[in-house]
$ cat input.txt   # compact mmCIF, C-alpha atoms
# COMPACT_ATOMS: atom_id res chain seq x y z
CA MET A 3 -149.51 7.99 49.21
CA ILE A 4 -147.89 4.94 50.73
CA ARG A 5 -147.80 1.82 48.64
CA ASP A 6 -146.30 -1.62 49.03
CA LEU A 7 -142.87 -2.53 47.80
CA GLY A 8 -143.51 -4.61 44.72
CA TRP A 9 -141.76 -6.06 41.72
CA ILE A 10 -142.31 -2.82 39.86
CA ASP A 11 -140.03 -1.08 42.37
CA VAL A 12 -137.37 -3.70 41.95
CA PHE A 13 -137.69 -3.20 38.21
CA TYR A 14 -137.28 0.57 38.52
CA LEU A 15 -134.27 0.13 40.78
CA ALA A 16 -132.72 -2.19 38.21
CA LEU A 17 -133.41 0.41 35.52
CA ALA A 18 -131.80 3.13 37.61
CA MET A 19 -128.64 1.03 37.66
CA ARG A 20 -127.99 1.98 34.04
CA TRP A 21 -127.49 5.60 35.12
CA THR A 22 -124.99 4.40 37.69
CA ILE A 23 -123.19 2.60 34.88
CA VAL A 24 -123.40 5.58 32.50
CA LEU A 25 -122.04 7.91 35.16
CA THR A 26 -119.21 5.50 35.93
CA LEU A 27 -118.29 5.30 32.25
CA LEU A 28 -118.37 9.09 31.88
CA GLY A 29 -116.18 9.51 34.96
CA LEU A 30 -113.84 6.79 33.71
CA ALA A 31 -113.55 8.37 30.26
CA GLY A 32 -112.91 11.87 31.58
CA GLY A 33 -110.70 10.56 34.36
CA SER A 34 -108.60 8.51 31.93
CA ALA A 35 -108.07 11.48 29.64
CA ILE A 36 -106.90 13.79 32.43
CA GLY A 37 -105.21 10.89 34.24
CA LEU A 38 -103.02 10.12 31.21
CA LEU A 39 -101.88 13.74 31.20
CA ILE A 40 -101.12 13.55 34.91
CA ALA A 41 -99.15 10.33 34.43
CA ALA A 42 -97.24 11.87 31.51
CA PHE A 43 -96.49 15.03 33.51
CA GLY A 44 -95.58 12.97 36.55
CA THR A 45 -92.92 11.02 34.64
CA SER A 46 -91.62 14.04 32.75
CA ARG A 47 -87.96 15.08 32.83
CA HIS A 48 -88.99 18.63 33.66
CA VAL A 49 -89.36 19.48 37.31
CA PRO A 50 -92.27 21.96 36.95
CA ALA A 51 -94.33 19.34 35.09
CA ARG A 52 -93.68 16.79 37.80
CA LEU A 53 -94.58 19.30 40.50
CA LEU A 54 -97.80 20.13 38.68
CA ALA A 55 -98.77 16.44 38.54
CA GLN A 56 -97.85 15.97 42.20
CA GLY A 57 -99.86 19.01 43.17
CA TYR A 58 -102.90 17.83 41.24
CA VAL A 59 -102.79 14.39 42.84
CA GLY A 60 -102.26 15.84 46.31
CA VAL A 61 -105.15 18.28 46.00
CA VAL A 62 -107.59 15.78 44.49
CA GLN A 63 -106.77 13.07 47.01
CA GLY A 64 -107.00 15.54 49.89
CA ILE A 65 -110.54 16.79 49.25
CA PRO A 66 -113.69 14.68 49.60
CA LEU A 67 -115.50 13.78 46.38
CA LEU A 68 -118.65 15.28 47.84
CA ALA A 69 -116.92 18.67 47.94
CA TRP A 70 -115.78 18.30 44.31
CA LEU A 71 -119.33 17.54 43.23
CA PHE A 72 -120.72 20.59 45.04
CA ILE A 73 -117.94 22.86 43.78
CA PHE A 74 -118.71 21.95 40.18
CA TYR A 75 -122.45 21.95 40.71
CA PHE A 76 -122.43 25.45 42.21
CA GLY A 77 -119.37 26.66 40.35
CA PHE A 78 -120.71 26.63 36.81
CA PRO A 79 -123.60 29.03 37.44
CA ILE A 80 -121.00 31.62 38.49
CA PHE A 81 -119.83 31.70 34.88
CA GLY A 82 -123.41 32.04 33.72
CA VAL A 83 -123.75 28.38 32.73
CA THR A 84 -126.32 26.32 34.55
CA VAL A 85 -125.48 22.67 34.13
CA PRO A 86 -127.75 19.75 34.90
CA GLY A 87 -126.74 17.57 37.84
CA TRP A 88 -125.41 14.75 35.72
CA ILE A 89 -122.90 16.94 33.87
CA ALA A 90 -121.64 18.43 37.13
CA ALA A 91 -121.41 14.90 38.54
CA ALA A 92 -119.58 13.58 35.47
CA ILE A 93 -117.06 16.43 35.60
CA GLY A 94 -116.59 16.10 39.36
CA LEU A 95 -116.06 12.34 39.05
CA SER A 96 -113.62 12.84 36.15
CA VAL A 97 -111.48 15.29 38.08
CA TYR A 98 -111.56 12.94 41.06
CA ALA A 99 -110.82 9.78 39.05
CA ALA A 100 -107.91 11.49 37.28
CA GLY A 101 -106.21 12.11 40.61
CA PHE A 102 -106.21 8.41 41.39
CA LEU A 103 -105.75 6.94 37.90
CA GLY A 104 -102.94 9.38 37.14
CA GLU A 105 -101.08 8.28 40.25
CA ILE A 106 -101.64 4.56 39.55
CA TRP A 107 -100.37 4.92 36.01
CA ARG A 108 -97.45 7.12 36.97
CA GLY A 109 -96.46 4.47 39.51
CA ALA A 110 -96.65 1.75 36.87
CA LEU A 111 -94.46 3.72 34.45
CA VAL A 112 -91.90 4.50 37.14
CA SER A 113 -91.75 0.86 38.24
CA ILE A 114 -90.32 -0.23 34.86
CA PRO A 115 -86.58 -0.62 35.46
CA LYS A 116 -84.29 1.93 33.80
CA THR A 117 -82.44 -0.91 32.11
CA GLN A 118 -85.51 -1.56 29.97
CA TRP A 119 -85.27 1.98 28.60
CA GLU A 120 -81.55 1.56 28.04
CA ALA A 121 -81.98 -1.80 26.34
CA ALA A 122 -84.65 -0.35 24.07
CA ALA A 123 -82.44 2.62 23.24
CA SER A 124 -79.45 0.39 22.56
CA ILE A 125 -81.28 -1.48 19.82
CA GLY A 126 -81.90 1.85 18.13
CA LEU A 127 -85.53 2.54 19.02
CA SER A 128 -86.62 6.17 19.10
CA TYR A 129 -88.13 7.60 22.29
CA THR A 130 -91.74 7.08 21.13
CA LYS A 131 -90.93 3.57 19.92
CA GLN A 132 -89.28 2.76 23.26
CA LEU A 133 -92.44 3.84 24.97
CA ARG A 134 -94.76 2.09 22.58
CA HIS A 135 -93.06 -1.27 22.19
CA VAL A 136 -91.13 -1.74 25.43
CA ILE A 137 -92.34 0.41 28.30
CA ILE A 138 -96.10 0.75 27.84
CA PRO A 139 -96.86 -2.96 27.29
CA GLN A 140 -95.15 -3.78 30.58
CA ALA A 141 -96.64 -0.82 32.43
CA VAL A 142 -100.15 -1.70 31.27
CA ARG A 143 -99.86 -5.17 32.74
CA ILE A 144 -98.75 -3.76 36.07
CA ALA A 145 -101.39 -1.02 36.08
CA THR A 146 -104.42 -3.10 35.10
CA PRO A 147 -105.27 -4.75 38.44
CA PRO A 148 -105.24 -1.50 40.47
CA THR A 149 -107.08 0.30 37.66
CA VAL A 150 -109.88 -2.27 37.73
CA GLY A 151 -109.86 -1.94 41.51
CA PHE A 152 -110.31 1.79 41.18
CA VAL A 153 -113.24 1.36 38.79
CA VAL A 154 -114.97 -0.42 41.67
CA GLN A 155 -114.36 2.65 43.84
CA LEU A 156 -115.73 4.82 41.06
CA ILE A 157 -118.92 2.77 40.75
CA LYS A 158 -119.52 3.08 44.48
CA ASN A 159 -118.70 6.77 44.47
CA THR A 160 -121.31 7.53 41.80
CA SER A 161 -123.76 7.04 44.67
CA LEU A 162 -122.72 10.49 45.90
CA ALA A 163 -124.24 12.02 42.75
CA ALA A 164 -127.59 11.27 44.39
CA VAL A 165 -126.81 14.15 46.73
CA ILE A 166 -126.90 16.71 43.90
CA GLY A 167 -130.15 15.23 42.67
CA PHE A 168 -129.03 12.95 39.88
CA VAL A 169 -131.37 9.96 39.76
CA GLU A 170 -129.13 6.91 39.76
CA LEU A 171 -129.44 3.77 41.87
CA THR A 172 -129.10 5.42 45.29
CA ARG A 173 -131.42 8.35 44.52
CA GLU A 174 -134.00 5.96 43.06
CA GLY A 175 -133.64 3.98 46.29
CA GLN A 176 -134.27 7.09 48.40
CA MET A 177 -137.43 7.85 46.43
CA THR A 178 -138.65 4.27 46.61
CA ALA A 179 -137.95 4.16 50.33
CA ALA A 180 -139.96 7.34 50.81
CA ALA A 181 -142.88 6.02 48.79
CA THR A 182 -143.06 2.55 50.34
CA LEU A 183 -141.83 3.32 53.86
CA GLN A 184 -139.70 0.20 53.72
CA PRO A 185 -136.20 1.66 53.88
CA LEU A 186 -134.51 -1.51 55.13
CA ALA A 187 -135.66 -3.68 52.24
CA VAL A 188 -135.13 -0.94 49.68
CA PHE A 189 -131.61 0.01 50.73
CA MET A 190 -130.66 -3.67 50.99
CA LEU A 191 -131.80 -4.03 47.38
CA VAL A 192 -129.81 -0.96 46.41
CA ALA A 193 -126.75 -2.44 48.14
CA LEU A 194 -127.34 -5.69 46.27
CA GLY A 195 -127.42 -3.75 43.01
CA TYR A 196 -124.00 -2.23 43.71
CA PHE A 197 -122.68 -5.57 44.87
CA CYS A 198 -123.70 -7.20 41.57
CA LEU A 199 -121.82 -4.49 39.67
CA CYS A 200 -118.73 -4.41 41.86
CA TYR A 201 -118.09 -7.98 42.98
CA PRO A 202 -117.26 -9.41 39.54
CA LEU A 203 -114.82 -6.55 38.95
CA THR A 204 -113.20 -7.06 42.36
CA GLN A 205 -112.71 -10.73 41.58
CA TYR A 206 -111.37 -9.90 38.12
CA SER A 207 -108.88 -7.48 39.63
CA ARG A 208 -107.70 -10.20 42.06
CA PHE A 209 -107.40 -12.70 39.21
CA LEU A 210 -105.27 -10.26 37.21
CA GLU A 211 -103.07 -9.61 40.21
CA ARG A 212 -102.48 -13.33 40.75
CA LYS A 213 -101.70 -13.79 37.08
CA LEU A 214 -99.20 -10.96 37.23
CA ARG A 215 -97.52 -12.47 40.27
CA VAL A 216 -97.18 -15.83 38.55
CA ALA A 217 -95.77 -14.18 35.43
CA ARG A 218 -93.04 -12.65 37.54
CA MET B 14 -117.72 37.68 34.80
CA ALA B 15 -120.41 39.56 36.69
CA TYR B 16 -120.09 37.48 39.81
CA SER B 17 -118.30 38.89 42.81
CA PHE B 18 -116.95 36.38 45.28
CA GLN B 19 -117.89 37.04 48.85
CA PHE B 20 -116.15 34.98 51.43
CA ARG B 21 -117.07 37.37 54.23
CA ASP B 22 -120.37 35.66 55.03
CA VAL B 23 -118.64 32.32 55.14
CA PHE B 24 -115.91 33.48 57.48
CA ALA B 25 -118.55 35.13 59.65
CA ALA B 26 -119.77 31.61 60.39
CA ARG B 27 -116.38 30.63 61.84
CA ASP B 28 -117.98 29.08 64.92
CA ALA B 29 -120.11 26.68 62.91
CA LEU B 30 -117.10 25.69 60.82
CA GLN B 31 -115.04 25.16 63.95
CA ASP B 32 -117.70 22.95 65.58
CA GLY B 33 -117.97 20.94 62.39
CA LEU B 34 -114.21 20.55 62.17
CA VAL B 35 -114.03 19.31 65.75
CA LEU B 36 -116.67 16.64 65.10
CA THR B 37 -114.92 15.59 61.89
CA LEU B 38 -111.68 15.11 63.84
CA GLN B 39 -113.47 13.24 66.62
CA LEU B 40 -115.25 10.97 64.14
CA THR B 41 -111.94 10.33 62.39
CA ALA B 42 -110.14 9.44 65.62
CA THR B 43 -112.85 7.13 66.97
CA THR B 44 -113.39 5.48 63.63
CA ILE B 45 -109.70 4.83 63.09
CA THR B 46 -109.46 3.25 66.56
CA PHE B 47 -112.47 0.98 66.15
CA GLY B 48 -111.96 0.36 62.45
CA PHE B 49 -108.38 -0.70 63.03
CA ALA B 50 -109.46 -3.06 65.82
CA ILE B 51 -112.18 -4.57 63.62
CA GLY B 52 -109.72 -4.88 60.74
CA LEU B 53 -107.13 -6.58 62.92
CA GLY B 54 -109.78 -8.99 64.23
CA ALA B 55 -111.10 -9.80 60.78
CA ALA B 56 -107.60 -10.27 59.36
CA ALA B 57 -106.66 -12.57 62.25
CA ALA B 58 -109.91 -14.50 61.82
CA TYR B 59 -109.11 -14.94 58.15
CA MET B 60 -105.51 -16.00 58.72
CA TYR B 61 -105.77 -18.17 61.83
CA GLY B 62 -109.47 -18.98 62.24
CA GLY B 63 -111.22 -22.18 61.29
CA PRO B 64 -113.10 -22.49 57.99
CA LEU B 65 -116.26 -20.94 59.44
CA LEU B 66 -114.51 -17.90 60.89
CA ARG B 67 -112.55 -17.49 57.69
CA ARG B 68 -115.74 -17.54 55.65
CA ALA B 69 -117.36 -14.99 57.94
CA ALA B 70 -114.39 -12.62 57.70
CA GLN B 71 -114.32 -13.01 53.92
CA THR B 72 -118.04 -12.29 53.57
CA TYR B 73 -117.78 -9.22 55.76
CA VAL B 74 -114.90 -7.82 53.73
CA GLU B 75 -116.54 -8.51 50.36
CA VAL B 76 -119.96 -7.15 51.29
CA ILE B 77 -118.57 -3.90 52.69
CA ARG B 78 -115.97 -3.33 50.00
CA ASN B 79 -118.42 -3.86 47.17
CA THR B 80 -121.18 -1.52 48.35
CA PRO B 81 -121.09 2.26 48.78
CA LEU B 82 -120.63 3.83 52.21
CA LEU B 83 -123.65 6.06 51.58
CA VAL B 84 -125.90 3.03 51.12
CA GLN B 85 -124.44 1.29 54.19
CA LEU B 86 -125.20 4.43 56.12
CA PHE B 87 -128.79 4.53 54.81
CA VAL B 88 -129.35 0.88 55.69
CA MET B 89 -128.23 1.52 59.25
CA PHE B 90 -129.85 4.89 59.75
CA PHE B 91 -133.17 4.49 57.92
CA GLY B 92 -133.40 0.69 57.78
CA LEU B 93 -132.50 -0.55 61.25
CA PRO B 94 -135.17 1.48 63.12
CA SER B 95 -137.78 -0.68 61.38
CA LEU B 96 -136.24 -3.63 63.22
CA GLY B 97 -136.58 -1.71 66.47
CA VAL B 98 -132.93 -0.64 66.66
CA LYS B 99 -132.92 3.11 67.00
CA LEU B 100 -129.68 4.97 67.48
CA ASP B 101 -128.69 8.60 67.45
CA VAL B 102 -127.02 10.14 64.46
CA ILE B 103 -123.47 10.20 65.78
CA PRO B 104 -123.40 6.59 67.08
CA VAL B 105 -124.82 5.42 63.74
CA ALA B 106 -122.28 7.47 61.82
CA THR B 107 -119.39 6.17 63.95
CA THR B 108 -120.55 2.56 63.68
CA ALA B 109 -121.07 2.71 59.93
CA LEU B 110 -117.70 4.38 59.36
CA ALA B 111 -115.89 1.92 61.64
CA ILE B 112 -117.50 -1.08 59.95
CA ASN B 113 -116.58 0.39 56.57
CA LEU B 114 -112.96 1.13 57.51
CA GLY B 115 -112.67 -2.28 59.20
CA ALA B 116 -113.20 -4.10 55.91
CA TYR B 117 -110.51 -2.10 54.10
CA ALA B 118 -108.13 -2.34 57.04
CA ALA B 119 -108.71 -6.12 57.23
CA GLU B 120 -107.68 -6.56 53.62
CA ILE B 121 -104.56 -4.42 54.07
CA ILE B 122 -103.51 -6.05 57.36
CA ARG B 123 -104.07 -9.51 55.90
CA ALA B 124 -101.71 -8.67 53.06
CA GLY B 125 -99.21 -7.54 55.68
CA LEU B 126 -99.53 -10.72 57.73
CA GLU B 127 -99.08 -12.78 54.58
CA SER B 128 -95.92 -10.86 53.76
CA VAL B 129 -94.09 -12.24 56.81
CA PRO B 130 -92.19 -15.41 55.78
CA LYS B 131 -93.00 -18.55 57.73
CA SER B 132 -89.33 -19.19 58.41
CA GLN B 133 -89.29 -16.05 60.57
CA VAL B 134 -91.96 -17.53 62.81
CA GLU B 135 -90.06 -20.81 63.04
CA ALA B 136 -86.86 -18.96 63.87
CA GLY B 137 -88.64 -17.09 66.65
CA LEU B 138 -90.13 -20.26 68.12
CA SER B 139 -86.78 -22.02 67.97
CA LEU B 140 -85.31 -19.19 70.03
CA GLY B 141 -87.76 -20.12 72.78
CA MET B 142 -90.14 -17.21 72.37
CA THR B 143 -93.75 -17.90 73.25
CA ARG B 144 -96.41 -17.89 70.52
CA GLY B 145 -97.70 -14.56 71.80
CA GLU B 146 -94.25 -12.98 71.69
CA VAL B 147 -93.63 -14.37 68.22
CA PHE B 148 -96.94 -12.99 66.99
CA ARG B 149 -96.34 -9.58 68.46
CA HIS B 150 -92.68 -8.99 67.67
CA ILE B 151 -92.09 -11.12 64.62
CA VAL B 152 -95.41 -11.20 62.80
CA LEU B 153 -97.56 -8.22 63.72
CA MET B 154 -95.09 -5.36 63.96
CA PRO B 155 -93.19 -6.16 60.74
CA ALA B 156 -96.52 -6.82 59.01
CA LEU B 157 -97.83 -3.43 60.06
CA ARG B 158 -94.59 -1.78 59.06
CA ASN B 159 -94.84 -3.32 55.60
CA VAL B 160 -98.38 -2.07 55.03
CA TYR B 161 -98.06 1.18 56.98
CA PRO B 162 -98.26 3.41 53.88
CA SER B 163 -101.43 1.75 52.52
CA LEU B 164 -103.01 1.59 55.94
CA THR B 165 -102.44 5.26 56.68
CA SER B 166 -103.62 6.39 53.23
CA GLN B 167 -106.75 4.41 53.95
CA PHE B 168 -107.10 6.38 57.19
CA VAL B 169 -106.80 9.66 55.29
CA LEU B 170 -109.42 8.47 52.79
CA LEU B 171 -111.61 7.57 55.75
CA MET B 172 -111.25 11.09 57.13
CA LEU B 173 -112.44 12.42 53.78
CA ALA B 174 -115.26 9.87 53.73
CA THR B 175 -116.60 11.18 57.04
CA SER B 176 -118.07 13.97 54.88
CA VAL B 177 -120.64 11.43 53.68
CA VAL B 178 -122.27 11.25 57.12
CA SER B 179 -123.48 14.82 56.52
CA GLN B 180 -126.21 13.07 54.51
CA ILE B 181 -127.81 11.74 57.68
CA ALA B 182 -127.37 15.18 59.28
CA ALA B 183 -124.41 14.38 61.53
CA PRO B 184 -123.18 17.91 62.25
CA GLU B 185 -119.60 17.51 61.02
CA LEU B 186 -117.64 19.86 58.77
CA PHE B 187 -119.50 19.17 55.54
CA TYR B 188 -122.86 19.48 57.22
CA ALA B 189 -121.77 22.78 58.75
CA GLY B 190 -121.02 23.85 55.20
CA SER B 191 -124.50 23.02 53.97
CA ILE B 192 -126.04 24.91 56.90
CA ILE B 193 -123.97 28.00 56.14
CA GLN B 194 -124.89 27.61 52.48
CA SER B 195 -128.61 27.61 53.22
CA ARG B 196 -128.21 30.68 55.42
CA THR B 197 -125.98 32.80 53.20
CA TYR B 198 -126.64 31.44 49.67
CA ARG B 199 -122.90 31.61 49.07
CA ASP B 200 -122.84 28.02 47.75
CA PHE B 201 -119.60 28.13 45.82
CA GLU B 202 -117.60 30.07 48.39
CA VAL B 203 -118.76 27.80 51.21
CA TYR B 204 -117.66 24.63 49.48
CA VAL B 205 -114.34 26.11 48.42
CA VAL B 206 -113.62 26.98 52.06
CA ILE B 207 -114.76 23.52 53.18
CA ALA B 208 -112.59 21.86 50.53
CA VAL B 209 -109.52 23.84 51.64
CA MET B 210 -110.20 22.85 55.25
CA TYR B 211 -110.37 19.16 54.33
CA LEU B 212 -107.16 19.53 52.36
CA ALA B 213 -105.46 21.07 55.39
CA VAL B 214 -106.69 18.26 57.64
CA SER B 215 -105.47 15.61 55.21
CA LEU B 216 -102.02 17.21 55.03
CA PHE B 217 -101.99 17.43 58.82
CA LEU B 218 -102.92 13.74 59.15
CA ARG B 219 -100.24 12.70 56.68
CA ALA B 220 -97.67 14.61 58.72
CA ILE B 221 -98.86 12.97 61.94
CA PHE B 222 -98.69 9.51 60.38
CA ALA B 223 -95.18 10.19 59.12
CA ILE B 224 -94.10 11.10 62.66
CA CYS B 225 -95.89 8.03 64.09
CA TYR B 226 -93.97 5.82 61.69
CA HIS B 227 -90.70 6.89 63.23
CA LEU B 228 -92.01 6.51 66.77
CA LEU B 229 -93.51 3.05 66.16
CA PHE B 230 -91.03 1.33 63.96
CA ARG B 231 -87.66 2.84 64.81
CA ARG B 232 -85.29 0.01 65.44
CA PRO B 233 -83.36 0.17 68.71

$ encode --input "input.txt" --output "structure tokens"
Amino acid sequence: MIRDLGWIDVFYLALAMRWTIVLTLLGLAGGSAIGLLIAAFGTSRHVPARLLAQGYVGVVQGIPLLAWLFIFYFGFPIFGVTVPGWIAAAIGLSVYAAGFLGEIWRGALVSIPKTQWEAAASIGLSYTKQLRHVIIPQAVRIATPPTVGFVVQLIKNTSLAAVIGFVELTREGQMTAAATLQPLAVFMLVALGYFCLCYPLTQYSRFLERKLRVAR
Amino acid sequence: MAYSFQFRDVFAARDALQDGLVLTLQLTATTITFGFAIGLGAAAAYMYGGPLLRRAAQTYVEVIRNTPLLVQLFVMFFGLPSLGVKLDVIPVATTALAINLGAYAAEIIRAGLESVPKSQVEAGLSLGMTRGEVFRHIVLMPALRNVYPSLTSQFVLLMLATSVVSQIAAPELFYAGSIIQSRTYRDFEVYVVIAVMYLAVSLFLRAIFAICYHLLFRRP
């Protein structure tokens, strides 16, 4: 049954955007948790820990997200657990995000000059206090612009979850396009939806970067 | 675990994997060539063009960077035919990928061009070099050297992103995987093999780019 593209479709597309947002947040939460571990391992004094972090980053950044999604989607049933598409997508996105966030954060930690550690130690701060009061506040400022930039990548990459059948903005667009036979208008609308989510964040990331440059 | 892994069926489809791999490499090479050219053009338009050209370059970069590749691909592949533009799968895939890479490359190259101090240009001109020579030797090459790491990681990401064109049935590596999957039902094994192949290609590309760095930017 072919019908016209109407406001109701626009409304449904807008509603589907919330699943894009939910998926992004899930991926960001999972990715941050694993990413923190990767950053911690990557800045460790122990060589095996550093190698592990390096290996993780190398493997994640060397395999397409689409493959991660399929591996998790088809991998769980092997262990006798059938997971719905959105859980597989959330896990795949988390693993993927951790590879990038971990590297961004590791880079930020490493970029703090050694003298800052030494200065903190010389005023008698313990290792955790050095981290908490001296290193992390500076590292966070450095890491925020690229982190926000990566969230934009994450939002766009949730579109790949459509491929394993999760109904977010892109999948909703595919269904609307099939029902109305107006793919150009529909996919332009879908693109507009992503643009509205991403553009403010891109600008925010730029603003933070400029602010950081001025502060230096 | 009752499941027994069977990679045999997957390896039996070596030919399909090989064909897919070849197309992935071809797509990567063509896209990098065109994408780099587009990026260079857009960055130059932004840096040296008039207000109109600058605006156009900016809009291009923002629109592409803030929308997903998959949706760009769908607009071109499913949307454009309704305007009477009908292209084959591989030209559409190449065009979409090149346009996508161009926007990222433009942003990176622009940062590189901005990193060259103005005094260097003035010094070059005062030595009697022509504007073209100054641009080539004093602005462009150092700019590219400064952003070489980001530019080449973007190229590697692009290679991985070519997997997305499997969604419009361009028969590259990922698509070959889904064909083998539907024939053998070895879903997990297929995608593990595919993933390892992509990993190998990305390591290979990184090695190539490292060698290119020495060839391109070695000082005499």

$ residues_around --input "input.txt" --residues "A:Gln56" --least-positions-apart "5" --cutoff "9 Å" --atoms "only C-alpha atoms" --output "list of chain:residue names"
A:Ile40, A:Phe43, A:Gly44, A:Ala51, A:Val61, A:Glu105

$ closest_residue --input "input.txt" --among "A:Ala35, A:Val136, A:Ala181, A:Leu68" --to "chain B" --atoms "only C-alpha atoms"
A:Leu68

$ closest_atom_pairs --input "input.txt" --of "chain B" --to "chain A" --cutoff "6 Å" --atoms "all atoms listed in the file" --output "Markdown table"
| residue | atom | partner | partner_atom | distance |
| --- | --- | --- | --- | --- |
| B:Asn79 | CA | A:Phe197 | CA | 5.1 |
| B:Thr80 | CA | A:Tyr196 | CA | 5.5 |
| B:Pro81 | CA | A:Lys158 | CA | 4.7 |
| B:Val88 | CA | A:Phe189 | CA | 5.5 |
| B:Phe91 | CA | A:Pro185 | CA | 5.8 |
| B:Gly92 | CA | A:Leu186 | CA | 3.6 |
| B:Leu173 | CA | A:Pro66 | CA | 4.9 |
| B:Phe201 | CA | A:Phe76 | CA | 5.3 |
| B:Tyr204 | CA | A:Ile73 | CA | 6.0 |
| B:Ala208 | CA | A:Ile65 | CA | 5.6 |
| B:Tyr211 | CA | A:Ile65 | CA | 5.6 |
| B:Leu212 | CA | A:Gly64 | CA | 4.7 |
| B:Ser215 | CA | A:Gly64 | CA | 5.5 |

$ closest_residue --input "input.txt" --among "B:Ala42, B:Tyr188, B:Ser95, B:Val102" --to "B:Val203" --atoms "all atoms listed in the file"
B:Tyr188

$ atom_distance --input "input.txt" --atom1 "atom CA of B:Pro184" --atom2 "atom CA of B:Leu38"
11.9 Å

$ closest_residue --input "input.txt" --among "B:Pro130, B:Gly62, B:Gly54, B:Gly33" --to "B:Ile192" --atoms "only C-alpha atoms"
B:Gly33

$ axis_aligned_box --input "input.txt" --around "stretch 122-129 of chain B" --padding-each-side "3 Å" --output "lines of an AutoDock Vina configuration file"
center_x = -99.1
center_y = -9.4
center_z = 55.4
size_x = 16.0
size_y = 12.7
size_z = 10.7

$ atom_distance --input "input.txt" --atom1 "atom CA of B:Ala183" --atom2 "atom CA of B:Asp200"
19.5 Å

$ closest_residue --input "input.txt" --among "A:Ile36, A:Val142, A:Val169, A:Leu30" --to "A:Leu17" --atoms "only C-alpha atoms"
A:Val169

$ closest_residue --input "input.txt" --among "A:Phe209, A:Thr182, A:Ala217, A:Gly101" --to "A:Gly8" --atoms "only C-alpha atoms"
A:Thr182

$ atom_distance --input "input.txt" --atom1 "atom CA of B:Phe168" --atom2 "atom CA of A:Ala55"
22.8 Å

$ closest_residue --input "input.txt" --among "B:Leu93, B:Leu228, B:Met142, B:Ile45" --to "B:Val169" --atoms "all atoms listed in the file"
B:Ile45
